[in-house]
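Colleague: This is structure11.cif, which holds mmCIF, C-alpha atoms:
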```cif
data_data
loop_
_atom_site.label_atom_id
_atom_site.label_comp_id
_atom_site.auth_asym_id
_atom_site.auth_seq_id
_atom_site.Cartn_x
_atom_site.Cartn_y
_atom_site.Cartn_z
CA MET A 193 62.97 100.30 129.83
CA SER A 194 62.48 100.99 133.50
CA GLU A 195 65.20 100.32 136.01
CA THR A 196 64.20 98.15 138.95
CA GLY A 197 65.81 97.52 142.29
CA THR A 198 68.06 99.82 144.23
CA GLU A 199 70.76 101.93 142.62
CA ALA A 200 74.00 100.12 141.94
CA PRO A 201 77.00 100.87 144.18
CA THR A 202 79.44 103.46 142.85
CA ALA A 203 82.15 100.90 142.03
CA VAL A 204 79.69 98.85 139.96
CA ARG A 205 78.48 101.93 138.07
CA GLU A 206 82.09 102.96 137.33
CA PHE A 207 83.10 99.52 136.03
CA ALA A 208 79.90 99.14 133.99
CA HIS A 209 80.38 102.54 132.37
CA GLN A 210 84.00 101.64 131.57
CA ALA A 211 82.66 98.59 129.72
CA ALA A 212 80.20 100.78 127.84
CA ASP A 213 83.09 103.10 126.89
CA PHE A 214 85.24 100.15 125.74
CA ILE A 215 82.37 98.71 123.70
CA GLU A 216 81.69 102.06 122.08
CA ARG A 217 85.36 102.39 121.09
CA THR A 218 85.44 98.80 119.80
CA VAL A 219 82.20 98.64 117.81
CA GLY A 220 81.27 102.30 117.40
CA LEU A 221 77.91 102.02 119.19
CA ARG A 222 77.10 103.07 122.75
CA PRO A 223 75.34 100.25 124.65
CA GLU A 224 72.34 101.35 126.67
CA PHE A 225 72.23 98.81 129.52
CA ASP A 226 69.45 96.69 128.05
CA SER A 227 69.32 93.11 126.81
CA GLU A 228 69.22 94.29 123.20
CA THR A 229 72.85 95.43 123.55
CA LEU A 230 74.21 92.14 124.91
CA PRO A 231 75.32 90.96 121.44
CA LEU A 232 77.60 94.04 121.42
CA LEU A 233 78.99 92.90 124.75
CA ASP A 234 79.49 89.38 123.36
CA HIS A 235 81.45 90.85 120.43
CA TYR A 236 83.57 92.93 122.79
CA VAL A 237 84.28 89.94 125.05
CA ARG A 238 85.35 87.80 122.08
CA GLN A 239 88.02 90.41 121.29
CA ALA A 240 89.68 89.66 124.65
CA GLU A 241 90.11 85.89 124.06
CA THR A 242 93.81 86.21 123.27
CA ALA A 243 94.56 88.97 125.77
CA LYS A 244 97.11 88.80 128.57
CA ALA A 245 95.91 87.58 131.97
CA GLU A 246 95.77 91.13 133.41
CA THR A 247 93.59 92.25 130.52
CA VAL A 248 91.27 89.27 130.97
CA VAL A 249 90.82 90.23 134.63
CA LEU A 250 89.94 93.82 133.67
CA VAL A 251 87.60 92.81 130.85
CA ALA A 252 85.90 90.22 133.06
CA ALA A 253 85.35 92.86 135.75
CA THR A 254 84.02 95.56 133.44
CA ALA A 255 82.03 93.30 131.10
CA GLY A 256 80.68 91.40 134.09
CA THR A 257 79.44 94.51 135.83
CA TYR A 258 77.86 95.78 132.60
CA PHE A 259 76.14 92.39 132.20
CA GLY A 260 75.08 92.40 135.84
CA GLU A 261 73.63 95.88 135.46
CA VAL A 262 71.61 94.80 132.42
CA VAL A 263 70.21 91.91 134.46
CA ARG A 264 69.54 94.10 137.52
CA ARG A 265 67.87 96.85 135.52
CA THR A 266 65.70 94.30 133.72
CA LEU A 267 64.84 91.80 136.47
CA GLY A 268 65.50 93.72 139.67
CA GLY A 269 67.78 92.73 142.47
CA SER A 270 70.80 94.16 144.18
CA TRP A 271 74.55 93.80 144.30
CA SER A 272 76.25 91.98 147.17
CA ILE A 273 79.78 93.32 147.55
CA THR A 274 82.00 92.06 150.33
CA ASP A 275 85.27 93.43 148.91
CA GLU A 276 84.98 96.55 146.77
CA ASN A 277 88.47 95.89 145.37
CA ASP A 278 87.63 92.43 143.98
CA PRO A 279 84.94 92.55 141.26
CA ALA A 280 85.32 88.78 140.77
CA GLU A 281 83.61 88.38 144.16
CA TRP A 282 80.69 90.74 143.46
CA ARG A 283 77.35 88.94 143.23
CA LEU A 284 74.03 89.97 141.86
CA VAL A 285 71.11 88.75 143.96
CA LEU A 286 67.76 88.72 142.18
CA PRO A 287 64.34 88.90 143.84
CA GLY A 288 63.67 85.46 145.31
CA GLY A 289 67.36 84.83 145.98
CA LEU A 290 68.80 83.54 142.69
CA SER A 291 72.37 84.84 142.57
CA PHE A 292 75.49 84.71 140.44
CA ALA A 293 78.88 86.39 139.99
CA PRO A 294 78.68 88.41 136.75
CA ALA A 295 82.48 88.67 136.43
CA GLY A 296 82.65 84.88 136.57
CA PHE A 297 80.22 84.62 133.67
CA ALA A 298 82.24 87.21 131.74
CA ALA A 299 85.57 85.45 132.44
CA ALA A 300 84.07 82.15 131.25
CA ALA A 301 82.81 83.92 128.12
CA ILE A 302 86.27 85.34 127.41
CA LEU A 303 88.13 82.07 127.92
CA ARG A 304 85.31 79.79 126.70
CA ASP A 305 85.73 77.56 129.72
CA GLU A 306 84.53 77.03 133.28
CA LEU A 307 87.21 78.44 135.56
CA ASP A 308 88.57 77.54 138.97
CA ASP A 309 89.47 81.16 139.78
CA TYR A 310 85.93 82.47 139.20
CA ASP A 311 82.48 81.50 140.36
CA THR A 312 80.70 80.58 137.12
CA GLY A 313 77.53 79.05 138.52
CA PHE A 314 74.22 79.99 140.04
CA ASP A 315 73.20 79.86 143.66
CA ALA A 316 69.90 80.11 145.49
CA PRO A 317 68.65 80.09 149.06
CA PRO A 318 69.14 76.63 150.65
CA LYS A 319 65.45 75.70 150.36
CA MET A 320 65.55 76.44 146.61
CA ARG A 321 68.91 74.87 145.65
CA ALA A 322 67.61 71.41 144.77
CA PHE A 323 64.88 72.94 142.63
CA LEU A 324 67.44 75.20 140.92
CA GLU A 325 69.69 72.23 140.13
CA GLU A 326 66.75 70.27 138.67
CA LEU A 327 65.64 73.29 136.67
CA LEU A 328 69.11 73.88 135.20
CA GLU A 329 69.44 70.18 134.31
CA SER A 330 66.07 70.27 132.54
CA LEU A 331 67.04 73.10 130.18
CA PRO A 332 67.51 72.12 126.55
CA PRO A 333 71.10 71.64 125.41
CA VAL A 334 72.89 74.50 123.70
CA THR A 335 76.06 74.75 121.67
CA GLU A 336 79.31 75.57 123.44
CA GLU A 337 79.30 79.01 121.82
CA GLN A 338 75.76 79.72 123.05
CA PHE A 339 76.61 78.43 126.52
CA PHE A 340 79.34 81.02 127.00
CA GLU A 341 77.67 84.01 125.31
CA LEU A 342 76.43 86.55 127.82
CA SER A 343 73.34 87.19 125.70
CA SER A 344 72.44 83.49 126.06
CA ARG A 345 73.20 83.59 129.78
CA PHE A 346 70.78 86.49 130.06
CA ASP A 347 68.04 84.41 128.42
CA THR A 348 68.78 81.56 130.84
CA ILE A 349 68.73 83.86 133.86
CA GLU A 350 65.47 85.43 132.74
CA HIS A 351 63.84 82.00 132.31
CA VAL A 352 65.24 80.52 135.53
CA GLN A 353 64.21 83.62 137.50
CA GLU A 354 60.65 83.44 136.16
CA VAL A 355 60.29 79.72 136.96
CA MET A 356 61.86 80.05 140.41
CA LEU A 357 59.59 82.95 141.36
CA ALA A 358 56.54 80.99 140.21
CA TYR A 359 57.72 77.95 142.18
CA ALA A 360 58.33 80.06 145.31
CA ALA A 361 54.88 81.65 144.98
CA GLN A 362 53.29 78.21 144.64
CA ARG A 363 55.12 76.96 147.72
CA THR A 364 54.01 80.03 149.67
CA GLU A 365 50.38 79.44 148.65
CA GLU A 366 50.66 75.79 149.68
CA ASP A 367 52.20 76.78 153.04
CA ILE A 368 49.38 79.27 153.62
CA GLY A 369 46.77 76.66 152.68
CA ASN A 370 48.27 74.19 155.16
CA ASN A 371 47.88 76.59 158.09
#
```
What would you get if you wrote out this structure as structure tokens?
Modeller:
Amino acid sequence: MSETGTEAPTAVREFAHQAADFIERTVGLRPEFDSETLPLLDHYVRQAETAKAETVVLVAATAGTYFGEVVRRTLGGSWSITDENDPAEWRLVLPGGLSFAPAGFAAAAILRDELDDYDTGFDAPPKMRAFLEELLESLPPVTEEQFFELSSRFDTIEHVQEVMLAYAAQRTEEDIGNN
């Protein structure tokens, strides 16, 4: 697997490696920052379902950054960090502008619910938002368990990213053809 995009900020690398350490202690296998290891992350996250609020915050931060790093290393992109002390606010921005808060996805996976305290959705540049909403609505239904699993979220991100990049390329070609 080749890593794409710029190197992750130090804080992201530290949190992601903490998650890898926690996963290794929990399941006995060291995850290697690829999509094949996301079921290990899902297992680890399920262990935190009954944890205290402080533990959920820590697990969401570390699991989220690990998940974000898997996505970044696979699909490219970069981290957008406005407050280094608040991993819940860290966003991963993929090529083409699709973005999300990995800690929000992890918190939702832990608690099996959409949360008011975390951003658990996708965003895109303004010109692409309507298309993103239509695309997400057109996806086939999944079970609640699949919806919250980070391995399933990865599959969704990968598909949405591919379709959005193709759509953006098509629009660019049409804009060029109209000039």
Colleague: Skipping near chain neighbours, those fewer than 4 positions away, what residues fall within 10 Å of segment 267-282 of chain A using all atoms listed in the file, listed as a CSV table (one decimal) with C-alpha atoms, in the frame of the given file?
Modeller:
```csv
chain,number,residue,atom,x,y,z
A,194,SER,CA,62.5,101.0,133.5
A,195,GLU,CA,65.2,100.3,136.0
A,196,THR,CA,64.2,98.2,139.0
A,197,GLY,CA,65.8,97.5,142.3
A,198,THR,CA,68.1,99.8,144.2
A,199,GLU,CA,70.8,101.9,142.6
A,200,ALA,CA,74.0,100.1,141.9
A,201,PRO,CA,77.0,100.9,144.2
A,202,THR,CA,79.4,103.5,142.8
A,203,ALA,CA,82.2,100.9,142.0
A,204,VAL,CA,79.7,98.8,140.0
A,207,PHE,CA,83.1,99.5,136.0
A,249,VAL,CA,90.8,90.2,134.6
A,250,LEU,CA,89.9,93.8,133.7
A,252,ALA,CA,85.9,90.2,133.1
A,253,ALA,CA,85.4,92.9,135.8
A,254,THR,CA,84.0,95.6,133.4
A,256,GLY,CA,80.7,91.4,134.1
A,257,THR,CA,79.4,94.5,135.8
A,260,GLY,CA,75.1,92.4,135.8
A,261,GLU,CA,73.6,95.9,135.5
A,262,VAL,CA,71.6,94.8,132.4
A,263,VAL,CA,70.2,91.9,134.5
A,286,LEU,CA,67.8,88.7,142.2
A,287,PRO,CA,64.3,88.9,143.8
A,288,GLY,CA,63.7,85.5,145.3
A,289,GLY,CA,67.4,84.8,146.0
A,290,LEU,CA,68.8,83.5,142.7
A,291,SER,CA,72.4,84.8,142.6
A,292,PHE,CA,75.5,84.7,140.4
A,293,ALA,CA,78.9,86.4,140.0
A,294,PRO,CA,78.7,88.4,136.8
A,295,ALA,CA,82.5,88.7,136.4
A,296,GLY,CA,82.6,84.9,136.6
A,297,PHE,CA,80.2,84.6,133.7
A,298,ALA,CA,82.2,87.2,131.7
A,299,ALA,CA,85.6,85.4,132.4
A,309,ASP,CA,89.5,81.2,139.8
A,310,TYR,CA,85.9,82.5,139.2
A,311,ASP,CA,82.5,81.5,140.4
A,349,ILE,CA,68.7,83.9,133.9
A,350,GLU,CA,65.5,85.4,132.7
A,353,GLN,CA,64.2,83.6,137.5
A,354,GLU,CA,60.6,83.4,136.2
```
Colleague: Leaving out segment 328-333 of chain A and any residue of its chain fewer than 2 positions from it, which residues lie within 12 Å of it when counting all atoms listed in the file, given as a list in words?
Modeller: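 Near neighbours after the sequence-gap exclusion: Gly313, Phe314, Asp315, Arg321, Ala322, Phe323, Leu324, Glu325, Glu326, Thr335, Glu336, Glu337, Gln338, Phe339, Ser344, Arg345, Asp347, Thr348, Ile349, His351, Val352, Gln353, Val355 and Met356 of chain A.
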Colleague: I'd like to know which of A:Val248, A:Ala255, A:Ala243, A:Leu233 is closest to Gln210 of chain A, using all atoms listed in the file.
Modeller: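 Between A:Val248, A:Ala255, A:Ala243, A:Leu233, the residue approaching Gln210 of chain A most closely is A:Ala255.
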Colleague: Which value, in Å to one decimal, gives the distance between atom CA of Tyr236 of chain A and atom CA of Ile215 of chain A?
Modeller: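 Here the two named atoms are 6.0 Å from each other.
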Colleague: What does the distance from atom CA of Phe340 of chain A to atom CA of Ala300 of chain A come to in Å, to one decimal?
Modeller: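 Between atom CA of Phe340 of chain A and atom CA of Ala300 of chain A the gap is 6.5 Å.
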Colleague: When you count all atoms listed in the file, which of these residues is closest to Met320 of chain A: A:Arg363, A:Ala211, A:Arg264, A:Val251?
Modeller: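 Result for the nearest residue to Met320 of chain A: A:Arg363.
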Colleague: Counting only C-alpha atoms, figure out which residue out of A:Ile302, A:Thr218, A:Lys319, A:Phe225 gets nearest to Ala245 of chain A.
Modeller: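 Selected residue with least distance to Ala245 of chain A: A:Ile302.
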Colleague: Edge lengths and centre, in Å to one decimal, as AutoDock Vina command-line options: that's what I need for the box along x, y and z that holds all listed atoms of segment 213-229 of chain A plus 5 Å on each side.
Modeller:
```
--center_x 77.3 --center_y 98.1 --center_z 123.5 --size_x 26.2 --size_y 20.0 --size_z 22.1
```
Colleague: When distances are computed from only C-alpha atoms, which of A:Arg205, A:Thr312, A:Thr266, A:Pro318 shows the smallest separation from Glu228 of chain A?
Modeller: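 Using only C-alpha atoms, Glu228 of chain A sits closest to A:Thr266.
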Colleague: Atom CA of Leu284 of chain A and atom CA of Glu216 of chain A, how far apart in Å?
Modeller: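 Interatomic distance here is 24.4 Å.
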